[in-house]
Every structure is written in structure tokens, then in C-alpha cells.
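This report concerns only the one structure given below.
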Amino acid sequence: MLACGILAFTACSGHFGKLSRKTKPPAQIEVTQQEKTQNTQSECAPQEAPTPMPPVQIPTMATTEPTKPAEPKASDAKELAKLADYSLLRPAYWEELDGLQSDNLSQAWPAWLQSCTTLINKAAWKKACYAATQLNSQTNEKPSSSAIQGYYKQHFSVYKTTNTDGSDSGLITGYYQPILKGSRSKSAQFPYPLYAPPNDLITVELESLFPELKYKRVRGRLVGNKLVPYYNRTEIETEASPIKGREFIYIDDVIDVFFLQVQGSGVVQLESGEQVHVGYADQNGHTYNSIGRVLVDRGELTLAKASMQSIKNWARNNLGKVRELLNSNPSYVFFRELPSGLPGPLGALGVPILAERAVAVDPKFIPLGAPVFLSTTEPNSTKPLKRLMMAQDTGGAIKGGVRADFFWGAGDAAGIKAGAMKQSGKIWVLLPKEFVLNGATGVIAR
């Protein structure tokens, strides 16, 4: 994804033909809970380790959707941390994937091949990925939807994702890749920098010291022989910035810079016409604080109208208050320039993600790279949206078994859809038949 959390009001983005009922779902998963520490502290406290290019979502409180899923609670995160990996998956039947047969699976096929460039190196995925390359080589074009259906049916089993209470519906939001105007040189027109990770930013992987703190890390800087919190947004965004010299590109609008940090990835359009792709590189270790929530708490916006666009509009009309508002979020994201010519931004799996065929998930409960079938509705609508997707990204606010962030693509049109998406949905996961879920850790082979 892309990035860390969302513009959220939480911390930090056809079916196979009918089968006979004789067809049995995969063997029942047997798991036991595995205690893991959940961080709720700030700056220098243990934090969940983000994967490369973590996604960020942009939920909004739409007003025309009849029902909206509930926001996750902080207490839920603590409970989720105690669960074994993939322990919220339940065996399912192929015929539950209503809508998969009418989906154009050929459009999702390139995204699956991208997943396989990484997954083929894992034992449980090797056979399925090898079969995908064989199927792909049998034609000069993409395999047909029917051929792809047959491939998945032959090599995969279906699991339904659930919540801790056993329910199977959850929150589906959206994210996108913004396009900004910028320059490689600072000027009056382009005064706002994007920073590369500073040299004095130190990251400590806590698992190396305490195995029970797997997936946790702290960030800070050394003062003498002590690790102290790294500089916050207020300290970084000053004329005498402590990380001066790490600038690599400049943007024309400070609001766009902020929302680029929310998204975690973007395209910078230079005056020469060159497009520079930038992506998440690191973060200062401070806790994300939603500026949307700040404006709601202050009475500047109502909860029903608090969206990315409404926050941008507020900022344009309150220029004298913008800096103070942005500084209320101490979290700060550092970027890197990505190779040119990528078909999409790099997700947490490390492969380019494709518009409308990739989602960010919680990798504790859905394996990264896995095909997933998403059943939800269009943004701010009741129109069904049923599509085969690839779980290729993560996000700081994407937590739980039934939780996903839908990647809409790049540009303003994608941003409008992402900003309006806060739907209820269900998720099924396709796992290779060699991917065995069992035992105390929840996983034998993956």
C-alpha cells in the first residue's frame, strides 16, 4: 500500500460453477491463542513493524449509504494481537463465492502473476505458482476466465474470513495514489520538501531481543548513549529543520504533502513533464493522530461531513490555521524515489499493485499475496462490487480478519472513489492446497 494508516478517525487504507454438496471444504483449522504484546504507547514505545510501502486508507463518513460498519475499537486490537496467525479463517465452499463467475478474471490474472514472483519462493505456494506460469504460457494472450476458474478450483481451497466474535462482515475502505506538482529544486512556487530517511534515525527490531515482541520495533535517535524519540512533525517542518539536507524533491502545496504521507505513495509531475514515482521509505516513530478527528472535536467539521475533500476545503479556507492543524499529528513519513516505468505503486509484498485488483489486508490473518474474493458495494452506494483481488498491501489501520482497503488507482477520480468508500463487506481467501493450517501456531506450511 502504500502507507501507514488513514485519514481515519482511528489511529495512524462471478463464482466457480455450483458444486455438489458432496464437495467438502478444507479440513477444519485447529489453533490455539498465541500471546503477543500490543503496543498502545507513543513515540519510543514498541510499535508494530510496517512492511515495505505500507498502505494508507482514506475512509470518509458518507451520508447516503443506508448502513455503515462500525469503526474498530482500541480494545479490539489488543485482542487481535493475542490470536494465532490466520486463526480467523474458516473452511468454506466454492459456491459461496457468489459473483465470481461473472467477474472478468482475466483482468485479475496479471495481479496474481505479480504475487507469484514472490510467493513461488515459498514451499506451500510453489506448485500453484508454477501451474500459473504453465497456464500463462499456453496462450499468447491472457487465459480465459473459464480457464482461470478451473486453475483456482484445481489448486486452491476456499476459506472465509471472520471476526473474533464469529461474524463475517467487516469494514472495507479505499485508498489511491495522488498526483502532485513538484520540482527537483526549491523555489517560491515549490517550497515544501519531501525528505529521504535521515541518517540518524535508528530502528530497533525488538524480536531480536524479545521473541515475544515479533513484528514490533521502536524508532528514535541517540543522545549520548540513550535512545530518545525522534523529531516530531513540528520539529521537522521548520526553516532550520534538524534533517536539512535530506530533501530530494519539492511540492507546491503543503496540504498535498500531508495527504501524500497519509497515502504513502504518489506521482510527482515535474514542470518538464517528467513523472517521478515516490513511495514510503520510513516513519519517525510517532503515533498517527487524525486531523479529521481534531477538526470534528473542535466543531470545525461534523462527523458526517468529515472526508478527505472536506478537510482540504477547510484548509484552503483557513490558511492561517493549517500549520497548527498539521502539527497536531506528530507522525511524519519519509520517502524514496522509485524506479520509473512501474505499472503501479509498490505494495507491502514488494510488487507493483494494479488498480481495482489489489487490497491491503492484515497479514496476521490473511497471507500476503493470496487471491481474495471481495463482496462489498461501490463507494457510497448499494451497488454490488464483487471481485477477485490480490492481498498485496498492508496498512497501519487495517486490522482484523474481515478488513480490507481497496486500491482505486492514481489521480483525482480514484481519490474521489477512495474518499467515499466506507462499506460493509465479506472476504474469502484462496489458499493453495499445500498451505496447511493446523496445530498450535495455526500454520504448518506456508
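Residue names in the C-alpha cells use chain letters A, B, ... in the order shown, residue numbers from 1 in each chain, and ligand numbers from 1 in the order shown.
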task = Select from segment 58-164 of chain A everything DSSP, run on the backbone, classes as strand (DSSP E or B), then give the selection as a list of chain:residue names.
result =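 Output for segment 58-164 of chain A, strand (DSSP E or B) only: A:Leu89, A:Arg90, A:Pro91, A:Phe156, A:Ser157, A:Val158, A:Tyr159, A:Lys160, A:Thr161.
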Export of the given selection (N, CA and C atoms) as a PDB file, in the first residue's frame:
```pdb
ATOM      1  N   LEU A  89      -9.550 -17.671   9.909  1.00  0.00           N
ATOM      2  CA  LEU A  89     -10.016 -18.270   8.660  1.00  0.00           C
ATOM      3  C   LEU A  89     -10.847 -19.513   8.959  1.00  0.00           C
ATOM      4  N   ARG A  90     -11.940 -19.679   8.220  1.00  0.00           N
ATOM      5  CA  ARG A  90     -12.824 -20.827   8.388  1.00  0.00           C
ATOM      6  C   ARG A  90     -13.025 -21.508   7.043  1.00  0.00           C
ATOM      7  N   PRO A  91     -13.002 -22.836   6.997  1.00  0.00           N
ATOM      8  CA  PRO A  91     -13.223 -23.547   5.730  1.00  0.00           C
ATOM      9  C   PRO A  91     -14.555 -23.142   5.099  1.00  0.00           C
ATOM     10  N   PHE A 156      -6.505 -24.654  -5.368  1.00  0.00           N
ATOM     11  CA  PHE A 156      -6.767 -23.863  -4.165  1.00  0.00           C
ATOM     12  C   PHE A 156      -7.974 -24.379  -3.389  1.00  0.00           C
ATOM     13  N   SER A 157      -7.955 -24.084  -2.097  1.00  0.00           N
ATOM     14  CA  SER A 157      -9.105 -24.285  -1.218  1.00  0.00           C
ATOM     15  C   SER A 157      -9.614 -22.921  -0.776  1.00  0.00           C
ATOM     16  N   VAL A 158     -10.891 -22.876  -0.391  1.00  0.00           N
ATOM     17  CA  VAL A 158     -11.534 -21.609  -0.049  1.00  0.00           C
ATOM     18  C   VAL A 158     -11.720 -21.506   1.464  1.00  0.00           C
ATOM     19  N   TYR A 159     -11.409 -20.327   1.994  1.00  0.00           N
ATOM     20  CA  TYR A 159     -11.632 -20.031   3.408  1.00  0.00           C
ATOM     21  C   TYR A 159     -12.367 -18.703   3.529  1.00  0.00           C
ATOM     22  N   LYS A 160     -13.256 -18.634   4.485  1.00  0.00           N
ATOM     23  CA  LYS A 160     -13.951 -17.378   4.765  1.00  0.00           C
ATOM     24  C   LYS A 160     -13.259 -16.685   5.933  1.00  0.00           C
ATOM     25  N   THR A 161     -13.075 -15.380   5.826  1.00  0.00           N
ATOM     26  CA  THR A 161     -12.520 -14.631   6.944  1.00  0.00           C
ATOM     27  C   THR A 161     -13.628 -14.277   7.924  1.00  0.00           C
TER      28      THR A 161
END
```
task = Once DSSP has gone over the backbone, tell me which residues of segment 296-402 of chain A are in helix (DSSP H, G or I), as a PyMOL selection string.
result = chain A and resi 296-297+303-305+308-317+319-327
inquiry  = Residues within 8 Å of segment 398-411 of chain A, please, as JSON, numbers by chain. Count only C-alpha atoms; anything in the same chain fewer than 5 positions from it doesn't count.
reply    = {"A": [1, 5, 13, 57, 77, 80, 88, 89, 161, 162, 163, 164, 168, 169, 170, 171, 172, 173, 174, 175, 176, 177, 178, 179, 266, 344, 354, 355, 356, 357, 358, 359, 360, 361, 362, 365, 366, 417, 418, 425, 426, 427]}
Once you have the residues from the selection above, write them out as a tab-separated table (two decimals), in the first residue's frame, restricted to N, CA and C atoms.
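In the end it all went to selection.tsv:
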```tsv
chain	number	residue	atom	x	y	z
A	1	MET	N	0.79	-1.07	0.00
A	1	MET	CA	0.00	0.00	0.00
A	1	MET	C	0.76	1.04	0.00
A	5	GLY	N	-1.55	4.54	7.79
A	5	GLY	CA	-2.86	4.48	8.39
A	5	GLY	C	-3.67	5.39	7.60
A	13	SER	N	-5.47	2.38	5.21
A	13	SER	CA	-6.13	2.35	3.78
A	13	SER	C	-6.23	1.41	3.56
A	57	GLN	N	-5.24	4.29	4.13
A	57	GLN	CA	-6.58	4.31	3.61
A	57	GLN	C	-7.20	5.68	3.82
A	77	ALA	N	-7.90	-4.29	19.05
A	77	ALA	CA	-6.52	-4.51	18.63
A	77	ALA	C	-5.76	-5.35	19.64
A	80	LEU	N	-6.84	-8.93	19.14
A	80	LEU	CA	-6.32	-9.49	17.91
A	80	LEU	C	-4.86	-9.91	18.05
A	88	LEU	N	-8.43	-16.75	12.19
A	88	LEU	CA	-9.80	-16.32	11.94
A	88	LEU	C	-10.32	-16.81	10.59
A	89	LEU	N	-9.55	-17.67	9.91
A	89	LEU	CA	-10.02	-18.27	8.66
A	89	LEU	C	-10.85	-19.51	8.96
A	161	THR	N	-13.08	-15.38	5.83
A	161	THR	CA	-12.52	-14.63	6.94
A	161	THR	C	-13.63	-14.28	7.92
A	162	THR	N	-13.28	-14.25	9.20
A	162	THR	CA	-14.26	-13.93	10.24
A	162	THR	C	-13.67	-12.93	11.22
A	163	ASN	N	-14.54	-12.39	12.05
A	163	ASN	CA	-14.12	-11.55	13.16
A	163	ASN	C	-13.98	-12.41	14.41
A	164	THR	N	-13.48	-11.83	15.48
A	164	THR	CA	-13.26	-12.60	16.70
A	164	THR	C	-14.56	-13.13	17.29
A	168	ASP	N	-19.04	-12.44	9.99
A	168	ASP	CA	-18.25	-12.48	8.75
A	168	ASP	C	-18.36	-11.21	7.91
A	169	SER	N	-18.81	-10.11	8.47
A	169	SER	CA	-18.86	-8.84	7.76
A	169	SER	C	-17.93	-7.84	8.44
A	170	GLY	N	-17.31	-6.98	7.64
A	170	GLY	CA	-16.38	-6.01	8.22
A	170	GLY	C	-16.27	-4.76	7.36
A	171	LEU	N	-15.35	-3.89	7.74
A	171	LEU	CA	-15.19	-2.59	7.11
A	171	LEU	C	-14.28	-2.68	5.88
A	172	ILE	N	-14.76	-2.13	4.76
A	172	ILE	CA	-13.98	-2.05	3.52
A	172	ILE	C	-13.83	-0.57	3.17
A	173	THR	N	-12.60	-0.08	3.14
A	173	THR	CA	-12.34	1.31	2.78
A	173	THR	C	-11.54	1.34	1.48
A	174	GLY	N	-11.11	2.53	1.07
A	174	GLY	CA	-10.36	2.65	-0.17
A	174	GLY	C	-9.16	3.57	-0.03
A	175	TYR	N	-8.18	3.38	-0.89
A	175	TYR	CA	-7.04	4.29	-0.96
A	175	TYR	C	-6.63	4.47	-2.41
A	176	TYR	N	-5.74	5.43	-2.66
A	176	TYR	CA	-5.36	5.74	-4.03
A	176	TYR	C	-3.96	6.33	-4.07
A	177	GLN	N	-3.47	6.62	-5.27
A	177	GLN	CA	-2.16	7.22	-5.44
A	177	GLN	C	-2.34	8.65	-5.96
A	178	PRO	N	-2.02	9.66	-5.15
A	178	PRO	CA	-2.21	11.04	-5.59
A	178	PRO	C	-1.16	11.46	-6.61
A	179	ILE	N	-1.52	12.46	-7.41
A	179	ILE	CA	-0.59	13.07	-8.35
A	179	ILE	C	-0.35	14.51	-7.91
A	266	GLY	N	2.89	8.14	-4.28
A	266	GLY	CA	2.31	9.10	-5.20
A	266	GLY	C	3.19	9.31	-6.42
A	344	GLY	N	2.44	0.23	-11.35
A	344	GLY	CA	1.68	0.70	-10.20
A	344	GLY	C	2.61	0.90	-9.03
A	354	LEU	N	-1.99	-3.31	-8.94
A	354	LEU	CA	-2.81	-2.85	-10.05
A	354	LEU	C	-4.12	-2.25	-9.53
A	355	ALA	N	-4.54	-1.18	-10.18
A	355	ALA	CA	-5.77	-0.50	-9.79
A	355	ALA	C	-6.96	-1.44	-9.83
A	356	GLU	N	-7.76	-1.42	-8.78
A	356	GLU	CA	-9.01	-2.16	-8.66
A	356	GLU	C	-8.82	-3.68	-8.66
A	357	ARG	N	-7.56	-4.13	-8.44
A	357	ARG	CA	-7.33	-5.57	-8.30
A	357	ARG	C	-6.42	-5.88	-7.12
A	358	ALA	N	-6.15	-4.89	-6.28
A	358	ALA	CA	-5.30	-5.11	-5.10
A	358	ALA	C	-5.99	-4.55	-3.88
A	359	VAL	N	-5.81	-5.22	-2.76
A	359	VAL	CA	-6.32	-4.73	-1.48
A	359	VAL	C	-5.21	-4.80	-0.44
A	360	ALA	N	-5.31	-3.92	0.54
A	360	ALA	CA	-4.47	-4.02	1.73
A	360	ALA	C	-5.24	-4.80	2.78
A	361	VAL	N	-4.54	-5.68	3.49
A	361	VAL	CA	-5.16	-6.55	4.48
A	361	VAL	C	-4.27	-6.58	5.73
A	362	ASP	N	-4.76	-7.26	6.75
A	362	ASP	CA	-3.96	-7.53	7.93
A	362	ASP	C	-3.22	-8.85	7.70
A	365	PHE	N	-3.80	-12.24	9.53
A	365	PHE	CA	-4.97	-13.09	9.32
A	365	PHE	C	-5.19	-13.49	7.87
A	366	ILE	N	-4.55	-12.78	6.94
A	366	ILE	CA	-4.63	-13.14	5.52
A	366	ILE	C	-3.20	-13.12	4.97
A	417	LYS	N	-13.26	8.21	-5.39
A	417	LYS	CA	-13.82	6.91	-5.01
A	417	LYS	C	-13.25	6.43	-3.69
A	418	ALA	N	-11.93	6.59	-3.52
A	418	ALA	CA	-11.30	6.15	-2.28
A	418	ALA	C	-11.86	6.92	-1.09
A	425	GLY	N	-18.52	-5.36	4.03
A	425	GLY	CA	-18.22	-6.38	3.06
A	425	GLY	C	-17.79	-7.70	3.68
A	426	LYS	N	-17.66	-8.71	2.83
A	426	LYS	CA	-17.20	-10.03	3.23
A	426	LYS	C	-16.01	-10.42	2.37
A	427	ILE	N	-15.15	-11.28	2.93
A	427	ILE	CA	-13.92	-11.66	2.25
A	427	ILE	C	-13.72	-13.17	2.34
```
inquiry  = So that I can check the surroundings of segment 238-251 of chain A, please list as a ChimeraX atom specification every protein, DNA and RNA residue that reaches within 10 Å of it, counting only C-alpha atoms and ignoring chain neighbours fewer than 4 positions away.
reply    = /A:180-187,189-201,231,233-234,255-257,268-270,276,278,334-337
task = Pick out the closest residue to Asn327 of chain A from this set: A:Ala348, A:Ala81, A:Val262, A:Ile236. Count only C-alpha atoms.
result =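 So, comparing all the options, the nearest one is A:Ile236.
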ask   = So, counting only C-alpha atoms, which residue among A:Ile416, A:Pro352, A:Gln423, A:Ser145 is closest to Gln114 of chain A?
value = A:Pro352
Report as a PDB file with C-alpha atoms, in the first residue's frame all protein, DNA and RNA residues lying within 8 Å of Asn232 of chain A, evaluated on only C-alpha atoms, omitting residues in the same chain fewer than 3 positions from it.
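Below is the file that was written, part_0.pdb:
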```pdb
ATOM      1  CA  GLU A 235      10.368  19.988  14.809  1.00  0.00           C
ATOM      2  CA  ILE A 236      10.947  18.631  11.295  1.00  0.00           C
ATOM      3  CA  ASN A 284       9.580   8.890  12.571  1.00  0.00           C
ATOM      4  CA  HIS A 286       5.400   8.871  16.472  1.00  0.00           C
ATOM      5  CA  PRO A 330       3.297  14.250  15.176  1.00  0.00           C
ATOM      6  CA  SER A 331       3.774  11.307  12.794  1.00  0.00           C
ATOM      7  CA  TYR A 332       5.982  12.024   9.790  1.00  0.00           C
TER       8      TYR A 332
END
```
Counting only C-alpha atoms, which residues of segment 86-137 of chain A sit at most 10 Å from some atom of segment 375-389 of chain A, and what is each one's closest atom pair with its distance in Å to one decimal, listed by chain and rising residue number, as JSON lines?
```
{"residue": "A:Leu97", "atom": "CA", "partner": "A:Ser375", "partner_atom": "CA", "distance": 8.3}
{"residue": "A:Asp98", "atom": "CA", "partner": "A:Lys386", "partner_atom": "CA", "distance": 8.0}
{"residue": "A:Gly99", "atom": "CA", "partner": "A:Lys386", "partner_atom": "CA", "distance": 5.7}
{"residue": "A:Leu100", "atom": "CA", "partner": "A:Arg387", "partner_atom": "CA", "distance": 6.6}
{"residue": "A:Gln101", "atom": "CA", "partner": "A:Arg387", "partner_atom": "CA", "distance": 9.6}
{"residue": "A:Ser102", "atom": "CA", "partner": "A:Lys386", "partner_atom": "CA", "distance": 8.9}
{"residue": "A:Asp103", "atom": "CA", "partner": "A:Arg387", "partner_atom": "CA", "distance": 6.1}
{"residue": "A:Asn104", "atom": "CA", "partner": "A:Arg387", "partner_atom": "CA", "distance": 8.4}
{"residue": "A:Leu105", "atom": "CA", "partner": "A:Leu388", "partner_atom": "CA", "distance": 7.0}
{"residue": "A:Gln107", "atom": "CA", "partner": "A:Leu388", "partner_atom": "CA", "distance": 9.2}
{"residue": "A:Ala108", "atom": "CA", "partner": "A:Leu388", "partner_atom": "CA", "distance": 6.6}
{"residue": "A:Trp109", "atom": "CA", "partner": "A:Leu388", "partner_atom": "CA", "distance": 9.4}
{"residue": "A:Ala111", "atom": "CA", "partner": "A:Met389", "partner_atom": "CA", "distance": 8.0}
{"residue": "A:Trp112", "atom": "CA", "partner": "A:Met389", "partner_atom": "CA", "distance": 8.5}
```
Could you write those residues out with N, CA and C atoms, as a compact mmCIF listing (two decimals), in the first residue's frame?
```txt
# COMPACT_ATOMS: atom_id res chain seq x y z
N LEU A 97 -18.92 -18.19 -3.20
CA LEU A 97 -18.32 -17.04 -3.88
C LEU A 97 -19.26 -16.53 -4.97
N ASP A 98 -20.44 -16.11 -4.57
CA ASP A 98 -21.45 -15.62 -5.49
C ASP A 98 -20.96 -14.34 -6.17
N GLY A 99 -20.86 -14.38 -7.48
CA GLY A 99 -20.37 -13.22 -8.23
C GLY A 99 -19.02 -13.48 -8.89
N LEU A 100 -18.33 -14.54 -8.49
CA LEU A 100 -17.02 -14.81 -9.08
C LEU A 100 -17.14 -15.19 -10.55
N GLN A 101 -18.18 -15.92 -10.90
CA GLN A 101 -18.32 -16.39 -12.27
C GLN A 101 -18.55 -15.23 -13.23
N SER A 102 -19.18 -14.17 -12.79
CA SER A 102 -19.45 -13.03 -13.66
C SER A 102 -18.29 -12.02 -13.67
N ASP A 103 -17.30 -12.21 -12.81
CA ASP A 103 -16.13 -11.33 -12.80
C ASP A 103 -15.22 -11.69 -13.98
N ASN A 104 -14.58 -10.68 -14.54
CA ASN A 104 -13.60 -10.92 -15.61
C ASN A 104 -12.27 -11.27 -14.96
N LEU A 105 -12.05 -12.55 -14.77
CA LEU A 105 -10.86 -13.00 -14.05
C LEU A 105 -9.58 -12.74 -14.84
N GLN A 107 -8.74 -9.98 -16.00
CA GLN A 107 -8.23 -8.69 -15.53
C GLN A 107 -7.44 -8.84 -14.23
N ALA A 108 -7.78 -9.85 -13.44
CA ALA A 108 -7.08 -10.08 -12.18
C ALA A 108 -5.83 -10.94 -12.36
N TRP A 109 -5.71 -11.62 -13.49
CA TRP A 109 -4.63 -12.57 -13.71
C TRP A 109 -3.24 -11.92 -13.63
N ALA A 111 -2.28 -9.48 -11.87
CA ALA A 111 -2.00 -9.21 -10.45
C ALA A 111 -1.58 -10.49 -9.74
N TRP A 112 -2.20 -11.61 -10.10
CA TRP A 112 -1.81 -12.89 -9.49
C TRP A 112 -0.41 -13.29 -9.91
```
ask   = What is the atom CA of Phe435 of chain A to atom CA of Pro363 of chain A distance in Å?
value =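 These two atoms are separated by 15.1 Å.
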key: Two-atom distance - atom CA of Phe373 of chain A, atom CA of Gln149 of chain A (Å)   = 12.4 Å
query = Which of these, A:Asp282, A:His155, A:Pro143, A:Gly419, has the shortest distance to Val218 of chain A once you count only C-alpha atoms?
reply =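 For Val218 of chain A, the nearest of the candidates is A:Asp282.
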